[in-house]
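data_33.cif follows (mmCIF, C-alpha atoms):
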```cif
data_input
loop_
_atom_site.label_atom_id
_atom_site.label_comp_id
_atom_site.auth_asym_id
_atom_site.auth_seq_id
_atom_site.Cartn_x
_atom_site.Cartn_y
_atom_site.Cartn_z
CA LYS A 1 -23.99 30.34 105.52
CA GLN A 2 -20.60 29.27 106.79
CA GLU A 3 -17.62 30.95 105.14
CA VAL A 4 -14.03 29.93 105.73
CA THR A 5 -11.14 32.27 104.98
CA GLN A 6 -7.42 31.58 104.97
CA ILE A 7 -4.91 34.40 105.01
CA PRO A 8 -2.37 34.76 103.52
CA ALA A 9 -3.02 32.99 100.23
CA ALA A 10 0.70 32.38 99.85
CA LEU A 11 3.67 32.43 102.21
CA SER A 12 7.39 32.01 101.58
CA VAL A 13 9.81 31.47 104.47
CA PRO A 14 13.43 30.37 104.95
CA GLU A 15 14.13 26.90 106.25
CA GLY A 16 14.13 26.59 110.04
CA GLU A 17 11.61 29.35 110.67
CA ASN A 18 8.59 28.79 112.89
CA LEU A 19 5.37 29.87 111.17
CA VAL A 20 1.65 30.24 111.71
CA LEU A 21 -1.13 29.69 109.19
CA ASN A 22 -4.51 31.24 109.88
CA CYS A 23 -8.06 30.05 109.33
CA SER A 24 -11.20 32.00 110.22
CA PHE A 25 -14.84 30.99 110.00
CA THR A 26 -18.02 33.04 110.23
CA ASP A 27 -20.34 30.66 112.10
CA SER A 28 -18.96 29.60 115.48
CA ALA A 29 -21.45 26.74 115.81
CA ILE A 30 -18.99 24.17 114.52
CA TYR A 31 -18.63 20.51 115.39
CA ASN A 32 -14.96 20.21 114.47
CA LEU A 33 -12.20 21.61 112.28
CA GLN A 34 -9.63 19.78 110.17
CA TRP A 35 -6.32 20.91 108.71
CA PHE A 36 -5.24 19.28 105.45
CA ARG A 37 -2.10 19.28 103.37
CA GLN A 38 -2.23 19.14 99.56
CA ASP A 39 0.83 18.48 97.42
CA PRO A 40 0.76 19.50 93.73
CA GLY A 41 -1.25 17.05 91.66
CA LYS A 42 -2.19 15.01 94.70
CA GLY A 43 -5.17 14.57 96.96
CA LEU A 44 -5.53 16.01 100.42
CA THR A 45 -4.02 14.46 103.54
CA SER A 46 -5.68 15.11 106.88
CA LEU A 47 -3.11 16.45 109.35
CA LEU A 48 -5.09 17.29 112.46
CA LEU A 49 -8.70 17.22 113.55
CA ILE A 50 -9.87 19.36 116.48
CA GLN A 51 -13.24 18.73 118.08
CA SER A 52 -15.20 21.81 119.17
CA SER A 53 -14.63 20.88 122.81
CA GLN A 54 -10.83 20.88 122.35
CA ARG A 55 -8.44 23.83 122.34
CA GLU A 56 -5.57 22.25 120.43
CA GLN A 57 -4.12 19.15 118.81
CA THR A 58 -0.47 18.27 118.23
CA SER A 59 1.29 15.95 115.83
CA GLY A 60 5.06 16.11 115.64
CA ARG A 61 6.10 19.63 114.59
CA LEU A 62 2.49 20.63 113.96
CA ASN A 63 0.17 22.23 116.47
CA ALA A 64 -3.36 23.33 115.66
CA SER A 65 -5.37 25.54 117.99
CA LEU A 66 -9.05 26.37 117.97
CA ASP A 67 -10.84 29.40 119.40
CA LYS A 68 -14.43 28.64 118.60
CA SER A 69 -15.91 31.80 120.11
CA SER A 70 -13.76 34.07 117.96
CA GLY A 71 -14.06 31.89 114.87
CA ARG A 72 -10.35 31.23 114.48
CA SER A 73 -7.89 28.40 114.15
CA THR A 74 -4.15 28.47 113.67
CA LEU A 75 -1.72 25.85 112.42
CA TYR A 76 1.73 26.28 113.91
CA ILE A 77 4.65 24.62 112.11
CA ALA A 78 7.88 24.47 114.09
CA ALA A 79 11.34 24.44 112.51
CA SER A 80 10.01 24.44 108.95
CA GLN A 81 11.66 22.25 106.30
CA PRO A 82 11.57 22.33 102.48
CA GLY A 83 9.47 19.17 102.64
CA ASP A 84 6.74 21.19 104.35
CA SER A 85 6.17 23.09 101.08
CA ALA A 86 2.56 22.43 100.08
CA THR A 87 -0.89 24.01 100.20
CA TYR A 88 -2.58 23.86 103.58
CA LEU A 89 -6.37 23.92 103.78
CA CYS A 90 -8.69 24.10 106.74
CA ALA A 91 -12.25 22.80 106.76
CA VAL A 92 -15.03 23.12 109.30
CA ARG A 93 -18.02 20.94 109.99
CA ARG A 94 -20.98 22.86 111.28
CA GLU A 95 -23.20 21.40 113.99
CA THR A 96 -26.18 21.47 111.65
CA SER A 97 -24.51 20.43 108.40
CA GLY A 98 -24.36 16.70 108.99
CA SER A 99 -21.43 15.32 107.03
CA ARG A 100 -20.72 18.45 105.03
CA LEU A 101 -17.40 20.26 105.36
CA THR A 102 -16.79 23.86 104.30
CA PHE A 103 -13.26 24.37 103.00
CA GLY A 104 -11.09 27.45 102.91
CA GLU A 105 -9.16 28.28 99.76
CA GLY A 106 -5.83 27.32 101.27
CA THR A 107 -2.43 28.87 101.99
CA GLN A 108 0.37 27.92 99.61
CA LEU A 109 3.53 27.53 101.69
CA THR A 110 7.04 27.54 100.25
CA VAL A 111 9.98 26.77 102.54
CA ASN A 112 13.25 27.82 100.93
CA PRO A 113 16.48 25.89 101.67
CA ASN B 1 -3.46 -0.51 101.95
CA ALA B 2 -4.64 1.08 98.71
CA GLY B 3 -6.90 3.56 100.54
CA VAL B 4 -9.08 5.55 98.13
CA THR B 5 -8.50 4.81 94.45
CA GLN B 6 -9.81 7.01 91.66
CA THR B 7 -9.78 6.35 87.94
CA PRO B 8 -9.03 7.80 85.47
CA LYS B 9 -6.35 10.33 86.49
CA PHE B 10 -6.89 12.52 83.44
CA ARG B 11 -9.66 12.83 80.89
CA ILE B 12 -10.63 15.19 78.09
CA LEU B 13 -14.30 15.27 77.08
CA LYS B 14 -16.12 17.03 74.30
CA ILE B 15 -19.15 19.13 75.17
CA GLY B 16 -22.20 16.90 75.48
CA GLN B 17 -20.31 13.67 76.13
CA SER B 18 -20.90 11.60 79.25
CA MET B 19 -18.53 9.71 81.50
CA THR B 20 -18.25 8.00 84.87
CA LEU B 21 -15.51 8.73 87.38
CA GLN B 22 -14.74 5.65 89.42
CA CYS B 23 -13.95 5.63 93.14
CA THR B 24 -13.31 2.67 95.41
CA GLN B 25 -12.05 2.42 98.98
CA ASP B 26 -10.80 -0.56 100.97
CA MET B 27 -11.06 0.88 104.49
CA ASN B 28 -14.66 -0.22 105.10
CA HIS B 29 -15.71 3.41 105.50
CA ASN B 30 -19.44 4.06 105.56
CA TYR B 31 -19.18 7.66 104.38
CA MET B 32 -18.01 8.63 100.91
CA TYR B 33 -17.87 12.01 99.16
CA TRP B 34 -17.27 13.65 95.82
CA TYR B 35 -15.67 17.10 95.71
CA ARG B 36 -14.56 19.35 92.90
CA GLN B 37 -11.69 21.82 93.15
CA ASP B 38 -11.36 24.72 90.77
CA PRO B 39 -7.99 26.50 90.42
CA GLY B 40 -7.08 28.52 93.51
CA MET B 41 -10.30 27.58 95.22
CA GLY B 42 -11.35 25.38 98.09
CA LEU B 43 -13.26 22.18 97.61
CA LYS B 44 -16.97 22.12 96.88
CA LEU B 45 -19.09 19.10 97.82
CA ILE B 46 -20.99 17.55 94.89
CA TYR B 47 -22.63 14.48 96.45
CA TYR B 48 -22.08 12.30 99.46
CA SER B 49 -23.25 8.96 100.81
CA VAL B 50 -23.59 7.68 104.37
CA GLY B 51 -23.89 4.04 103.34
CA ALA B 52 -24.84 1.64 100.58
CA GLY B 53 -28.08 2.68 98.93
CA ILE B 54 -28.09 6.17 100.50
CA THR B 55 -26.93 9.32 98.69
CA ASP B 56 -27.55 13.03 99.13
CA LYS B 57 -26.79 16.27 97.33
CA GLY B 58 -24.00 18.60 98.33
CA GLU B 59 -23.44 22.24 97.39
CA VAL B 60 -23.02 21.81 93.62
CA PRO B 61 -24.93 18.69 92.42
CA ASN B 62 -26.30 19.99 89.12
CA GLY B 63 -25.04 18.05 86.11
CA TYR B 64 -23.92 15.04 88.17
CA ASN B 65 -25.37 11.79 89.44
CA VAL B 66 -24.14 9.16 91.86
CA SER B 67 -24.98 5.68 93.05
CA ARG B 68 -23.81 3.59 95.98
CA SER B 69 -24.57 -0.08 95.48
CA THR B 70 -21.72 -1.33 97.68
CA THR B 71 -19.76 0.01 100.65
CA GLU B 72 -16.58 0.11 98.57
CA ASP B 73 -17.68 1.91 95.40
CA PHE B 74 -19.07 5.39 94.77
CA PRO B 75 -19.04 6.31 91.07
CA LEU B 76 -19.80 9.85 89.84
CA ARG B 77 -21.63 10.20 86.54
CA LEU B 78 -21.39 13.31 84.35
CA GLU B 79 -24.21 13.62 81.86
CA LEU B 80 -23.96 16.07 78.94
CA ALA B 81 -20.56 17.48 79.90
CA ALA B 82 -20.21 21.28 79.88
CA PRO B 83 -17.10 23.52 80.00
CA SER B 84 -18.15 24.61 83.52
CA GLN B 85 -17.43 21.05 84.66
CA THR B 86 -13.73 21.42 83.86
CA SER B 87 -12.16 20.85 87.27
CA VAL B 88 -10.23 18.42 89.45
CA TYR B 89 -12.49 15.87 91.08
CA PHE B 90 -11.68 14.23 94.39
CA CYS B 91 -13.30 11.26 96.04
CA ALA B 92 -12.99 10.87 99.80
CA SER B 93 -14.16 8.51 102.52
CA SER B 94 -14.41 8.49 106.29
CA TYR B 95 -15.86 6.75 109.30
CA PRO B 96 -19.24 8.14 110.35
CA THR B 97 -19.19 11.73 111.50
CA GLY B 98 -19.60 12.03 115.24
CA THR B 99 -17.10 9.24 115.86
CA GLU B 100 -13.73 9.89 117.40
CA ASN B 101 -11.84 9.38 114.16
CA GLU B 102 -13.75 10.99 111.32
CA LYS B 103 -10.76 12.23 109.37
CA LEU B 104 -11.30 12.25 105.62
CA PHE B 105 -9.12 10.14 103.34
CA PHE B 106 -8.78 11.40 99.78
CA GLY B 107 -8.01 9.84 96.44
CA SER B 108 -5.39 11.42 94.19
CA GLY B 109 -7.94 13.10 91.96
CA THR B 110 -9.20 13.12 88.37
CA GLN B 111 -8.31 16.10 86.21
CA LEU B 112 -11.16 16.64 83.76
CA SER B 113 -11.23 19.05 80.85
CA VAL B 114 -14.37 19.67 78.81
CA LEU B 115 -13.66 21.28 75.45
#
```

Whole structure, structure tokens version:
Amino acid sequence: KQEVTQIPAALSVPEGENLVLNCSFTDSAIYNLQWFRQDPGKGLTSLLLIQSSQREQTSGRLNASLDKSSGRSTLYIAASQPGDSATYLCAVRRETSGSRLTFGEGTQLTVNP
Amino acid sequence: NAGVTQTPKFRILKIGQSMTLQCTQDMNHNYMYWYRQDPGMGLKLIYYSVGAGITDKGEVPNGYNVSRSTTEDFPLRLELAAPSQTSVYFCASSYPTGTENEKLFFGSGTQLSVL
């Protein structure tokens, strides 16, 4: 059974700091991994999707990396801003799970002005 | 574009009542999903559909039913509501998995309380 873990559960940083969010998964036979952002009372927004054959994806100040063999992904946020405050979740799709995603519990990020 | 639209946003049910959560998308996505999110937890898949007329169970299907008569709509039915079904429910859609752009698009959620 695939398990996805995100540590830490919560993170508070001052504005302008570069930061890394971590995601680990137990079964390395994944098809892809997605990072999502969730604002309070809102749905999830997909930020980046990394296929298993890729090492990283970039969008603006966000960079997601994937090390499939070690079961890890990181989301790097450069020059953090208060508007980045949200919960960030990762989700993996296993090769054998069809359309099913397994989600982590998320990291709640607060960027202080 | 409206994207994925869920109604209602909030609902309180009494134990044993039934209701239908509505979900519609205007992106012509084949795949649609229903998830539930309990406080401080990740999302759990309830049901999903890969196209009109085709549905399948996810991780936590007990107590729920779905139908998919059109590409756009994917309603979730709760029969005999129980307190354990108190949660936030999210509908999502995507292009078929295995395509280059299979990112999920989510609705804004339905907060359901069963008392």

Could the residues of range 14-111 of chain B that have an atom at most 12 Å from range 83-90 of chain A be listed as a tab-separated table, each with its closest atom pair and the distance in Å to one decimal, counting all atoms listed in the file and ordered by chain and ascending residue number?
```
residue	atom	partner	partner_atom	distance
B:Gly40	CA	A:Thr87	CA	10.2
B:Met41	CA	A:Leu89	CA	10.1
B:Gly42	CA	A:Leu89	CA	7.7
B:Leu43	CA	A:Leu89	CA	9.4
```

Checklist line | Test item: the PyMOL selection byres ((chain A) within 10 of (chain B)) resolved as a ChimeraX atom specification | finding: /A:4-5,9,31-36,38-39,41-49,51,89-91,93,98-108

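Once the PyMOL selection byres ((chain B and resi 51) around 9) is applied to the shown structure, the selection contains B:His29, B:Asn30, B:Tyr31, B:Met32, B:Ser49, B:Val50, B:Ala52, B:Gly53, B:Ile54, B:Thr55, B:Arg68, B:Ser69, B:Thr70, B:Thr71.
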
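From CA of Phe74 in chain B back to CA of Gln2 in chain A, the distance works out to 26.8 Å.
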
Output of the PyMOL selection byres ((chain A and resi 52-66) around 7), listed as a PDB file with C-alpha atoms, in the coordinates of the input:
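Result written to expr37.pdb:
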```
ATOM      1  CA  ILE A  30     -18.990  24.170 114.520  1.00  0.00           C
ATOM      2  CA  TYR A  31     -18.630  20.510 115.390  1.00  0.00           C
ATOM      3  CA  ASN A  32     -14.960  20.210 114.470  1.00  0.00           C
ATOM      4  CA  LEU A  48      -5.090  17.290 112.460  1.00  0.00           C
ATOM      5  CA  ILE A  50      -9.870  19.360 116.480  1.00  0.00           C
ATOM      6  CA  GLN A  51     -13.240  18.730 118.080  1.00  0.00           C
ATOM      7  CA  ASP A  67     -10.840  29.400 119.400  1.00  0.00           C
ATOM      8  CA  LYS A  68     -14.430  28.640 118.600  1.00  0.00           C
ATOM      9  CA  ARG A  72     -10.350  31.230 114.480  1.00  0.00           C
ATOM     10  CA  SER A  73      -7.890  28.400 114.150  1.00  0.00           C
ATOM     11  CA  THR A  74      -4.150  28.470 113.670  1.00  0.00           C
ATOM     12  CA  LEU A  75      -1.720  25.850 112.420  1.00  0.00           C
ATOM     13  CA  TYR A  76       1.730  26.280 113.910  1.00  0.00           C
ATOM     14  CA  ILE A  77       4.650  24.620 112.110  1.00  0.00           C
ATOM     15  CA  ALA A  78       7.880  24.470 114.090  1.00  0.00           C
TER      16      ALA A  78
END
```

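Taking CA of Ala2 in chain B and CA of Gln22 in chain B as the two end points, the separation is 14.5 Å.
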
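Shortest atom-to-atom contact with Gln25 in chain B among B:Pro8, B:Pro61, B:Pro75, B:Pro83: B:Pro75, counting only C-alpha atoms.
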
Checklist line | Long-range neighbours of Leu112 in chain B as a PyMOL selection string, 7 Å cut-off, only C-alpha atoms, 6 positions minimum in chain | finding: chain B and resi 10-12+86-88

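In this comparison, which uses all atoms listed in the file, the residue of A:Ser28, A:Ser69, A:Ser80, A:Gln6 approaching Asn112 in chain A most closely is A:Ser80.
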
Item checked: Atomic separation - CA of Gly71 in chain A relative to CA of Arg36 in chain B, Å -> 25.3 Å

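Ranking A:Thr26, A:Lys1, A:Gln81, A:Glu95 by their shortest atom-to-atom distance to Val13 in chain A, with all atoms listed in the file included, puts A:Gln81 first.
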
Hey, could you patch up range 4-17 of chain A with N, CA, C and O atoms and hand it over as a short mmCIF file (atom, residue, chain, number, x, y, z; two decimals), keeping the file's coordinate frame?
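Done, and the output landed in result37.cif:
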```
data_model
loop_
_atom_site.label_atom_id
_atom_site.label_comp_id
_atom_site.auth_asym_id
_atom_site.auth_seq_id
_atom_site.Cartn_x
_atom_site.Cartn_y
_atom_site.Cartn_z
N VAL A 4 -15.34 30.21 105.16
CA VAL A 4 -14.03 29.93 105.73
C VAL A 4 -12.98 30.68 104.93
O VAL A 4 -12.94 30.58 103.70
N THR A 5 -12.14 31.42 105.63
CA THR A 5 -11.14 32.27 104.98
C THR A 5 -9.75 31.91 105.50
O THR A 5 -9.57 31.73 106.71
N GLN A 6 -8.80 31.84 104.58
CA GLN A 6 -7.42 31.58 104.97
C GLN A 6 -6.54 32.70 104.44
O GLN A 6 -6.54 32.99 103.25
N ILE A 7 -5.81 33.31 105.36
CA ILE A 7 -4.91 34.40 105.01
C ILE A 7 -3.55 34.13 105.65
O ILE A 7 -3.49 33.73 106.82
N PRO A 8 -2.42 34.28 104.90
CA PRO A 8 -2.37 34.76 103.52
C PRO A 8 -2.65 33.64 102.52
O PRO A 8 -2.65 32.47 102.88
N ALA A 9 -2.83 33.99 101.27
CA ALA A 9 -3.02 32.99 100.23
C ALA A 9 -1.72 32.27 99.90
O ALA A 9 -1.73 31.11 99.49
N ALA A 10 -0.61 32.97 100.10
CA ALA A 10 0.70 32.38 99.85
C ALA A 10 1.70 32.92 100.85
O ALA A 10 1.59 34.06 101.30
N LEU A 11 2.67 32.07 101.19
CA LEU A 11 3.67 32.43 102.21
C LEU A 11 4.99 31.77 101.84
O LEU A 11 5.01 30.58 101.51
N SER A 12 6.06 32.54 101.88
CA SER A 12 7.39 32.01 101.58
C SER A 12 8.30 32.31 102.75
O SER A 12 8.39 33.47 103.17
N VAL A 13 8.97 31.29 103.30
CA VAL A 13 9.81 31.47 104.47
C VAL A 13 11.12 30.72 104.28
O VAL A 13 11.19 29.75 103.50
N PRO A 14 12.17 31.13 105.00
CA PRO A 14 13.43 30.37 104.95
C PRO A 14 13.34 29.14 105.83
O PRO A 14 12.60 29.11 106.83
N GLU A 15 14.10 28.13 105.48
CA GLU A 15 14.13 26.90 106.25
C GLU A 15 14.48 27.17 107.71
O GLU A 15 15.34 28.01 108.02
N GLY A 16 13.84 26.46 108.62
CA GLY A 16 14.13 26.59 110.04
C GLY A 16 13.22 27.55 110.78
O GLY A 16 13.18 27.54 112.01
N GLU A 17 12.48 28.36 110.03
CA GLU A 17 11.61 29.35 110.67
C GLU A 17 10.35 28.67 111.23
O GLU A 17 9.82 27.73 110.65
#
```
